[in-house]
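Colleague: Contents of input04.csv (CSV, C-alpha atoms) are below:
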chain,number,residue,atom,x,y,z
A,1,MET,CA,12.9,-15.2,-19.3
A,2,GLU,CA,11.7,-12.0,-20.8
A,3,LEU,CA,10.5,-9.2,-18.5
A,4,PHE,CA,7.1,-9.3,-20.0
A,5,GLU,CA,6.7,-13.0,-19.1
A,6,LYS,CA,8.1,-12.3,-15.6
A,7,SER,CA,5.6,-9.6,-15.2
A,8,GLU,CA,2.7,-11.9,-16.1
A,9,LYS,CA,4.0,-14.6,-13.8
A,10,ASN,CA,4.4,-12.2,-10.9
A,11,LEU,CA,0.7,-11.4,-11.2
A,12,LEU,CA,-0.2,-15.0,-11.1
A,13,ALA,CA,2.2,-15.6,-8.2
A,14,ALA,CA,0.6,-12.7,-6.4
A,15,ASP,CA,-2.9,-14.3,-6.8
A,16,LEU,CA,-1.5,-17.6,-5.4
A,17,LEU,CA,-0.1,-15.7,-2.4
A,18,VAL,CA,-3.4,-14.1,-1.8
A,19,ALA,CA,-5.1,-17.5,-1.9
A,20,SER,CA,-2.6,-18.6,0.7
A,21,GLU,CA,-3.3,-15.4,2.8
A,22,TYR,CA,0.2,-14.1,2.3
A,23,TYR,CA,-1.1,-10.6,1.7
A,24,SER,CA,2.0,-8.5,2.2
A,25,SER,CA,4.1,-10.8,0.0
A,26,SER,CA,1.3,-10.6,-2.7
A,27,ILE,CA,1.5,-6.8,-2.8
A,28,HIS,CA,5.3,-7.1,-3.4
A,29,CYS,CA,4.5,-9.3,-6.4
A,30,TYR,CA,1.7,-7.1,-7.7
A,31,TYR,CA,4.0,-4.1,-7.6
A,32,TYR,CA,6.8,-5.9,-9.4
A,33,SER,CA,4.5,-7.2,-12.1
A,34,THR,CA,3.9,-3.6,-13.0
A,35,PHE,CA,7.5,-2.5,-12.5
A,36,GLN,CA,8.8,-5.3,-14.8
A,37,LEU,CA,6.3,-4.4,-17.5
A,38,MET,CA,7.6,-0.9,-17.4
A,39,LEU,CA,11.1,-2.2,-17.7
A,40,HIS,CA,10.0,-4.3,-20.6
A,41,ILE,CA,8.6,-1.1,-22.3
A,42,VAL,CA,11.9,0.8,-21.8
A,43,PHE,CA,14.1,-2.0,-23.2
A,44,ASN,CA,11.9,-3.3,-26.0
A,45,ILE,CA,9.7,-0.4,-27.1
A,46,PHE,CA,12.1,2.5,-26.5
A,47,ASN,CA,15.1,0.2,-27.3
A,48,ILE,CA,17.2,1.5,-24.4
A,49,ASP,CA,20.1,-0.8,-23.9
A,50,SER,CA,19.7,-2.6,-20.6
A,51,ILE,CA,23.5,-2.3,-19.7
A,52,GLU,CA,23.4,1.4,-20.4
A,53,PHE,CA,20.2,1.8,-18.4
A,54,ASN,CA,21.6,-0.2,-15.4
A,55,ASN,CA,24.8,1.9,-15.4
A,56,LYS,CA,22.7,5.1,-15.5
A,57,ILE,CA,20.6,4.2,-12.5
A,58,LYS,CA,23.3,2.5,-10.5
A,59,GLY,CA,22.9,3.5,-6.9
A,60,LYS,CA,20.0,5.7,-7.7
A,61,ASP,CA,16.2,5.3,-7.5
A,62,SER,CA,15.4,3.3,-10.6
A,63,HIS,CA,11.7,3.2,-9.7
A,64,ASN,CA,11.3,7.0,-9.7
A,65,TYR,CA,13.3,7.1,-12.9
A,66,LEU,CA,11.1,4.6,-14.6
A,67,ILE,CA,7.9,6.3,-13.5
A,68,ASN,CA,9.3,9.7,-14.6
A,69,PHE,CA,10.4,8.3,-17.9
A,70,LEU,CA,7.1,6.8,-18.8
A,71,ARG,CA,5.1,9.7,-17.6
A,72,ASN,CA,7.2,12.0,-19.7
A,73,ASP,CA,6.5,9.9,-22.7
A,74,LEU,CA,2.8,10.1,-22.0
A,75,ILE,CA,2.9,13.9,-21.7
A,76,GLN,CA,5.0,14.4,-24.8
A,77,SER,CA,2.8,12.1,-26.9
A,78,GLY,CA,-0.3,14.1,-25.7
A,79,GLN,CA,-1.9,11.2,-23.7
A,80,ASP,CA,-3.6,11.3,-20.4
A,81,PHE,CA,-0.9,10.9,-17.8
A,82,ARG,CA,-2.6,11.7,-14.6
A,83,VAL,CA,-4.5,8.5,-13.9
A,84,ILE,CA,-1.4,6.4,-14.6
A,85,SER,CA,0.8,8.7,-12.6
A,86,ASN,CA,-1.5,8.6,-9.6
A,87,ASP,CA,-2.2,4.9,-9.8
A,88,LEU,CA,1.5,4.2,-9.8
A,89,ARG,CA,1.9,6.4,-6.7
A,90,VAL,CA,-0.8,4.5,-4.9
A,91,LEU,CA,0.7,1.1,-5.9
A,92,LYS,CA,4.1,2.3,-4.8
A,93,ASN,CA,2.8,3.4,-1.4
A,94,LEU,CA,1.0,0.1,-1.0
A,95,ARG,CA,4.2,-1.8,-1.7
A,96,ARG,CA,6.2,0.5,0.7
A,97,GLU,CA,3.7,-0.2,3.5
A,98,ALA,CA,3.8,-4.0,2.7
A,99,ASP,CA,7.6,-4.3,2.5
A,100,TYR,CA,9.0,-1.6,4.8
A,101,THR,CA,6.5,-0.8,7.6
A,102,GLN,CA,5.0,-2.7,10.6
A,103,LYS,CA,1.5,-2.1,9.3
A,104,ILE,CA,-0.6,-5.3,9.2
A,105,ILE,CA,-1.5,-6.0,5.6
A,106,ASN,CA,-4.9,-7.4,5.1
A,107,LYS,CA,-6.9,-8.9,2.2
A,108,ASN,CA,-8.4,-5.5,1.4
A,109,ASN,CA,-4.9,-4.0,0.9
A,110,ALA,CA,-3.9,-7.0,-1.3
A,111,SER,CA,-7.1,-6.5,-3.3
A,112,SER,CA,-6.3,-2.9,-3.7
A,113,ALA,CA,-2.8,-3.6,-5.0
A,114,ARG,CA,-4.2,-6.2,-7.4
A,115,HIS,CA,-6.7,-3.6,-8.7
A,116,TYR,CA,-4.0,-1.0,-9.4
A,117,SER,CA,-1.5,-3.4,-10.8
A,118,VAL,CA,-4.0,-5.0,-13.2
A,119,LYS,CA,-5.4,-1.6,-14.2
A,120,LEU,CA,-1.9,-0.2,-14.8
A,121,ASN,CA,-0.6,-3.2,-16.7
A,122,SER,CA,-3.7,-3.1,-18.9
A,123,ALA,CA,-3.3,0.6,-19.6
A,124,ILE,CA,0.4,0.3,-20.3
A,125,LYS,CA,-0.1,-2.6,-22.7
A,126,LYS,CA,-2.9,-0.7,-24.5
A,127,ILE,CA,-0.7,2.4,-24.9
A,128,HIS,CA,2.1,0.4,-26.4
A,129,ASN,CA,-0.1,-2.0,-28.4
A,130,LEU,CA,1.1,-5.1,-26.5
B,131,MET,CA,19.7,23.9,-7.9
B,132,LYS,CA,18.4,21.5,-5.3
B,133,SER,CA,15.0,19.9,-6.0
B,134,ILE,CA,13.4,21.4,-2.9
B,135,ASN,CA,14.3,24.9,-4.2
B,136,PHE,CA,12.9,24.0,-7.6
B,137,ILE,CA,9.6,22.8,-6.0
B,138,ILE,CA,9.3,25.9,-3.8
B,139,SER,CA,9.7,28.2,-6.7
B,140,LYS,CA,7.0,26.3,-8.6
B,141,ILE,CA,4.7,26.4,-5.6
B,142,GLU,CA,5.1,30.2,-5.3
B,143,MET,CA,4.5,30.6,-9.0
B,144,LEU,CA,1.3,28.5,-8.9
B,145,ILE,CA,-0.1,30.4,-5.9
B,146,GLU,CA,0.5,33.7,-7.6
B,147,LYS,CA,-0.9,32.6,-10.9
B,148,PHE,CA,-3.9,30.8,-9.3
B,149,PRO,CA,-5.0,32.7,-6.2
B,150,SER,CA,-8.1,30.5,-5.6
B,151,ILE,CA,-6.1,27.4,-4.7
B,152,GLN,CA,-4.4,25.9,-1.7
B,153,ILE,CA,-1.2,23.9,-2.0
B,154,LYS,CA,0.2,21.5,0.5
B,155,TYR,CA,3.6,20.0,0.1
B,156,GLU,CA,5.5,17.2,1.7
B,157,PHE,CA,8.8,15.4,0.9
B,158,GLU,CA,9.0,11.7,1.5
B,159,GLU,CA,12.6,11.2,2.3
B,160,ASN,CA,12.7,7.4,2.1
B,161,GLU,CA,11.2,7.5,-1.3
B,162,ASP,CA,13.0,10.7,-2.5
B,163,THR,CA,9.5,11.9,-3.5
B,164,HIS,CA,7.8,15.3,-3.5
B,165,ASN,CA,4.0,15.4,-3.2
B,166,ILE,CA,2.1,18.5,-4.0
B,167,GLU,CA,-1.6,18.5,-3.1
B,168,ILE,CA,-3.9,21.0,-4.9
B,169,SER,CA,-7.2,22.2,-3.6
B,170,PRO,CA,-10.0,22.5,-4.5
B,171,LEU,CA,-10.7,19.3,-6.3
B,172,SER,CA,-12.8,21.1,-9.0
B,173,PHE,CA,-9.8,23.3,-9.8
B,174,PHE,CA,-7.4,20.4,-10.0
B,175,GLU,CA,-9.7,18.4,-12.3
B,176,CYS,CA,-10.9,21.2,-14.6
B,177,ASN,CA,-8.5,24.0,-14.9
B,178,GLU,CA,-6.8,23.6,-18.3
B,179,ASP,CA,-4.2,26.4,-17.7
B,180,PHE,CA,-3.1,24.5,-14.5
B,181,LYS,CA,-2.9,21.2,-16.4
B,182,LYS,CA,-0.6,22.8,-19.0
B,183,ILE,CA,1.7,24.1,-16.3
B,184,GLU,CA,1.6,20.8,-14.4
B,185,LYS,CA,2.8,19.1,-17.5
B,186,ASP,CA,5.6,21.6,-18.0
B,187,ILE,CA,6.7,21.2,-14.4
B,188,TYR,CA,6.9,17.4,-14.8
B,189,LEU,CA,8.9,17.7,-17.9
B,190,GLU,CA,11.3,20.2,-16.4
B,191,PHE,CA,11.6,18.2,-13.2
B,192,PHE,CA,12.5,15.0,-15.1
B,193,LYS,CA,15.3,16.8,-16.9
B,194,LEU,CA,16.8,18.2,-13.7
B,195,PHE,CA,16.0,15.5,-11.1
B,196,PRO,CA,15.3,12.2,-13.0
B,197,PHE,CA,15.8,10.0,-10.0
B,198,GLU,CA,13.4,11.8,-7.6
B,199,GLY,CA,9.6,11.4,-7.5
B,200,LEU,CA,7.1,14.1,-8.1
B,201,TYR,CA,3.4,13.9,-7.9
B,202,PHE,CA,0.6,16.4,-8.1
B,203,ILE,CA,-2.4,15.0,-6.3
B,204,ASP,CA,-5.8,16.1,-5.3
B,205,GLU,CA,-7.3,16.2,-1.8
B,206,ASN,CA,-9.2,12.9,-2.4
B,207,SER,CA,-6.0,10.9,-3.0
B,208,LEU,CA,-5.9,7.5,-1.4
B,209,TYR,CA,-2.6,8.6,0.1
B,210,PRO,CA,-3.2,12.3,1.0
B,211,ILE,CA,-0.5,14.5,2.5
B,212,THR,CA,-0.6,14.0,6.2
B,213,ASN,CA,2.5,15.9,7.3
B,214,PRO,CA,2.9,18.9,5.1
B,215,THR,CA,6.0,21.1,5.5
B,216,ILE,CA,4.5,23.8,3.4
B,217,ILE,CA,0.8,25.0,3.2
B,218,LYS,CA,0.2,28.0,1.0
B,219,LYS,CA,-3.2,29.6,0.4
B,220,GLY,CA,-3.9,31.9,-2.5
B,221,VAL,CA,-5.5,35.2,-1.6
B,222,GLU,CA,-8.9,34.1,-3.0
B,223,TYR,CA,-8.8,30.6,-1.6
B,224,ARG,CA,-11.7,29.5,0.6
B,225,SER,CA,-11.9,26.2,2.2
B,226,LEU,CA,-15.1,24.1,1.7
B,227,HIS,CA,-16.2,25.0,5.2
B,228,GLU,CA,-15.7,28.7,4.7
B,229,PHE,CA,-17.4,28.5,1.3
B,230,ASN,CA,-20.4,26.7,2.6
B,231,ILE,CA,-21.1,29.3,5.3
B,232,GLN,CA,-20.6,32.1,2.9
B,233,THR,CA,-22.8,30.5,0.3
B,234,SER,CA,-25.5,29.8,2.8
B,235,PHE,CA,-25.8,33.4,3.8
B,236,ASN,CA,-24.9,35.3,0.6
B,237,THR,CA,-25.6,33.4,-2.5
B,238,PHE,CA,-28.3,30.8,-1.8
B,239,GLU,CA,-30.8,31.7,-4.4
B,240,THR,CA,-33.7,29.4,-3.7
B,241,PRO,CA,-36.4,30.9,-1.5
B,242,ILE,CA,-36.7,28.9,1.7
B,243,PRO,CA,-40.1,28.8,3.1
B,244,ILE,CA,-40.1,28.4,6.8
B,245,ILE,CA,-42.8,28.4,9.3
B,246,SER,CA,-42.3,30.5,12.3
B,247,SER,CA,-44.0,32.9,14.6
B,248,THR,CA,-47.8,33.1,14.5
B,249,ASN,CA,-50.9,32.0,12.6
B,250,ASN,CA,-50.0,28.8,10.8
B,251,PRO,CA,-53.0,28.1,8.7
B,252,ASN,CA,-52.4,24.4,8.9
B,253,LEU,CA,-52.3,24.3,12.6
B,254,ILE,CA,-55.3,24.7,14.8
B,255,ASN,CA,-55.1,27.2,17.6
B,256,SER,CA,-51.6,28.2,16.8
B,257,ASN,CA,-50.0,31.5,16.1
B,258,ILE,CA,-47.5,30.7,13.4
B,259,ASN,CA,-46.9,32.7,10.2
B,260,VAL,CA,-45.3,31.5,7.0
B,261,HIS,CA,-42.3,33.5,5.8
B,262,THR,CA,-40.3,33.1,2.7
B,263,LEU,CA,-36.7,34.2,3.2
B,264,ASN,CA,-34.6,34.7,0.1
B,265,THR,CA,-31.0,34.8,1.3
B,266,ARG,CA,-30.0,36.7,-1.8
B,267,ASN,CA,-31.6,39.6,-0.1
B,268,SER,CA,-30.2,40.5,3.3
B,269,ILE,CA,-31.8,38.7,6.1
B,270,THR,CA,-33.9,41.3,7.9
B,271,SER,CA,-35.7,39.0,10.3
B,272,THR,CA,-35.2,38.9,14.0
B,273,ASN,CA,-32.2,37.5,15.6
B,274,LEU,CA,-34.1,34.5,16.5
B,275,GLU,CA,-35.1,33.9,12.9
B,276,THR,CA,-31.5,34.5,11.8
B,277,GLU,CA,-30.3,31.9,14.2
B,278,LEU,CA,-33.0,29.6,13.0
B,279,MET,CA,-32.0,30.1,9.4
B,280,TYR,CA,-28.4,29.3,10.3
B,281,SER,CA,-29.4,26.3,12.2
B,282,LEU,CA,-31.5,25.0,9.2
B,283,MET,CA,-28.8,25.7,6.7
B,284,THR,CA,-26.3,23.6,8.6
B,285,THR,CA,-28.5,20.6,8.7
B,286,ASP,CA,-29.6,18.1,6.1
B,287,LEU,CA,-32.9,20.0,5.8
B,288,ILE,CA,-31.3,22.7,3.7
B,289,GLU,CA,-29.9,20.1,1.3
B,290,LYS,CA,-33.3,18.7,0.8
B,291,SER,CA,-35.0,22.1,0.5
B,292,ASP,CA,-35.5,21.7,-3.3
B,293,ASN,CA,-38.0,19.0,-2.6
B,294,ALA,CA,-39.3,20.2,0.7
B,295,SER,CA,-42.2,22.6,0.7
B,296,PHE,CA,-41.6,23.7,4.2
B,297,ALA,CA,-38.9,23.6,6.7
B,298,LEU,CA,-40.8,23.4,9.9
B,299,ALA,CA,-39.5,25.3,12.8
B,300,ALA,CA,-40.9,24.8,16.2
Starting from the coordinates I provided, produce the structure as structure tokens.
Modeller:
Amino acid sequence: MELFEKSEKNLLAADLLVASEYYSSSIHCYYYSTFQLMLHIVFNIFNIDSIEFNNKIKGKDSHNYLINFLRNDLIQSGQDFRVISNDLRVLKNLRREADYTQKIINKNNASSARHYSVKLNSAIKKIHNL
Amino acid sequence: MKSINFIISKIEMLIEKFPSIQIKYEFEENEDTHNIEISPLSFFECNEDFKKIEKDIYLEFFKLFPFEGLYFIDENSLYPITNPTIIKKGVEYRSLHEFNIQTSFNTFETPIPIISSTNNPNLINSNINVHTLNTRNSITSTNLETELMYSLMTTDLIEKSDNASFALAA
């Protein structure tokens, strides 16, 4: 399954999790929907070899690398990078709270994650004509 | 060079170049991420020279530390800096609180009519006068009136003064 399709399905899965009130799990899926879309861009728009990419990031923070990579592309191509950069930071923090902390995750948190994921996916697709 | 040294050098450069700002910095160890909060918001949103430097810092950072996170954020961020390890204020930086007080006393240009003292024409049998205090000029009224002015300025009344014909003081 292509990463693009995985990204779309993670968004749908997240909505199903919200409907079942599994809010923290939904945030995980919203986040990965965006993350997989970013990976799709790197592999299929920038044509970076996935094996080469995975070797490069082995044991390191691939999430930071991806965000830096795509933000740099926005800067170098003269596009607005701030909104995407800050939205990614917020979504990343929501996911960290959902996955790694004892904070109780509620429906509002899940709605917030959905908002940022959908917004980011839409912006990324628009930038890369998907 | 370690990333923290890179960040500190950039913070020092920014504070020197833009003396009207405040910078807060924190490092999220679990995320390997540096957060730099810039105040005031108007500067962060509008200063084109800063935006150019911000871009350059991001580009340089990615070359040197591609696996670490870096974010310039404003003070209204959904995830603000809560535990800064560095707070630097430029020599011209004023917090919103300091700015409000200074503005109230020194640069508020709208005349503020207040009723105080004696002979209010609208009140029967009273001794109240109407004064117009323009705070662009120095406040030469009595201590009581100065205190009254300060009191008024720190309430909602002053924010509504454009529409209000009088701020009534008892």
Colleague: Taking only C-alpha atoms into account, which of A:Ser50, A:Asn86, A:Ser111, A:Gln102 comes nearest chain B?
Modeller: A:Asn86
Colleague: Can you work out which residues from chain A touch chain B at a cut-off of 6 Å (counting only C-alpha atoms) and hand them back as a PyMOL selection string?
Modeller: chain A and resi 61+64-65
Colleague: Could you give me, as a PyMOL selection string, the residues within 9 Å of range 120-130 of chain A, counting all atoms listed in the file and dropping anything in the same chain fewer than 3 positions from it?
Modeller: chain A and resi 33-34+37-38+41+45+74+79+84+87-88+115-117
Colleague: Work out how far CA of Ser77 in chain A is from CA of Ser7 in chain A, in Å to one decimal.
Modeller: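 Going from CA of Ser7 in chain A over to CA of Ser77 in chain A covers 24.8 Å.
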Colleague: Distance cut-off 10 Å, centre (2.9, 18.9, 5.6) in file coordinates, counting all atoms listed in the file: which residues qualify? Return them as a list in words.
Modeller: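 Residues found, by chain and rising number: Ile153, Lys154, Tyr155, Glu156, Phe157, Asn165, Ile166, Glu167, Ile211, Thr212, Asn213, Pro214, Thr215, Ile216 and Ile217 of chain B.
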Colleague: Save the residues we just selected, C-alpha atoms, as a PDB file, keeping the file's coordinate frame?
Modeller:
ATOM      1  CA  ILE B 153      -1.200  23.900  -2.000  1.00  0.00           C
ATOM      2  CA  LYS B 154       0.200  21.500   0.500  1.00  0.00           C
ATOM      3  CA  TYR B 155       3.600  20.000   0.100  1.00  0.00           C
ATOM      4  CA  GLU B 156       5.500  17.200   1.700  1.00  0.00           C
ATOM      5  CA  PHE B 157       8.800  15.400   0.900  1.00  0.00           C
ATOM      6  CA  ASN B 165       4.000  15.400  -3.200  1.00  0.00           C
ATOM      7  CA  ILE B 166       2.100  18.500  -4.000  1.00  0.00           C
ATOM      8  CA  GLU B 167      -1.600  18.500  -3.100  1.00  0.00           C
ATOM      9  CA  ILE B 211      -0.500  14.500   2.500  1.00  0.00           C
ATOM     10  CA  THR B 212      -0.600  14.000   6.200  1.00  0.00           C
ATOM     11  CA  ASN B 213       2.500  15.900   7.300  1.00  0.00           C
ATOM     12  CA  PRO B 214       2.900  18.900   5.100  1.00  0.00           C
ATOM     13  CA  THR B 215       6.000  21.100   5.500  1.00  0.00           C
ATOM     14  CA  ILE B 216       4.500  23.800   3.400  1.00  0.00           C
ATOM     15  CA  ILE B 217       0.800  25.000   3.200  1.00  0.00           C
TER      16      ILE B 217
END
Colleague: Please provide as a ChimeraX atom specification all residues within 9 Å of Lys219 in chain B, with the sequence filter that same-chain residues fewer than 4 positions apart are discarded (counting all atoms listed in the file).
Modeller: /B:145,149-154,223-224
Colleague: Nearest residue to Arg89 in chain A out of B:Lys218, B:Lys140, B:Lys147, B:His164, using all atoms listed in the file?
Modeller: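 Looking only at the distances to Arg89 in chain A, the closest residue turns out to be B:His164.
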Colleague: For CA of Tyr30 in chain A and CA of Tyr100 in chain A, quote the distance in Å rounded to one decimal.
Modeller: 15.5 Å
Colleague: Can you measure CA of Asp73 in chain A to CA of Glu5 in chain A for me? One decimal in Å is fine.
Modeller: 23.2 Å
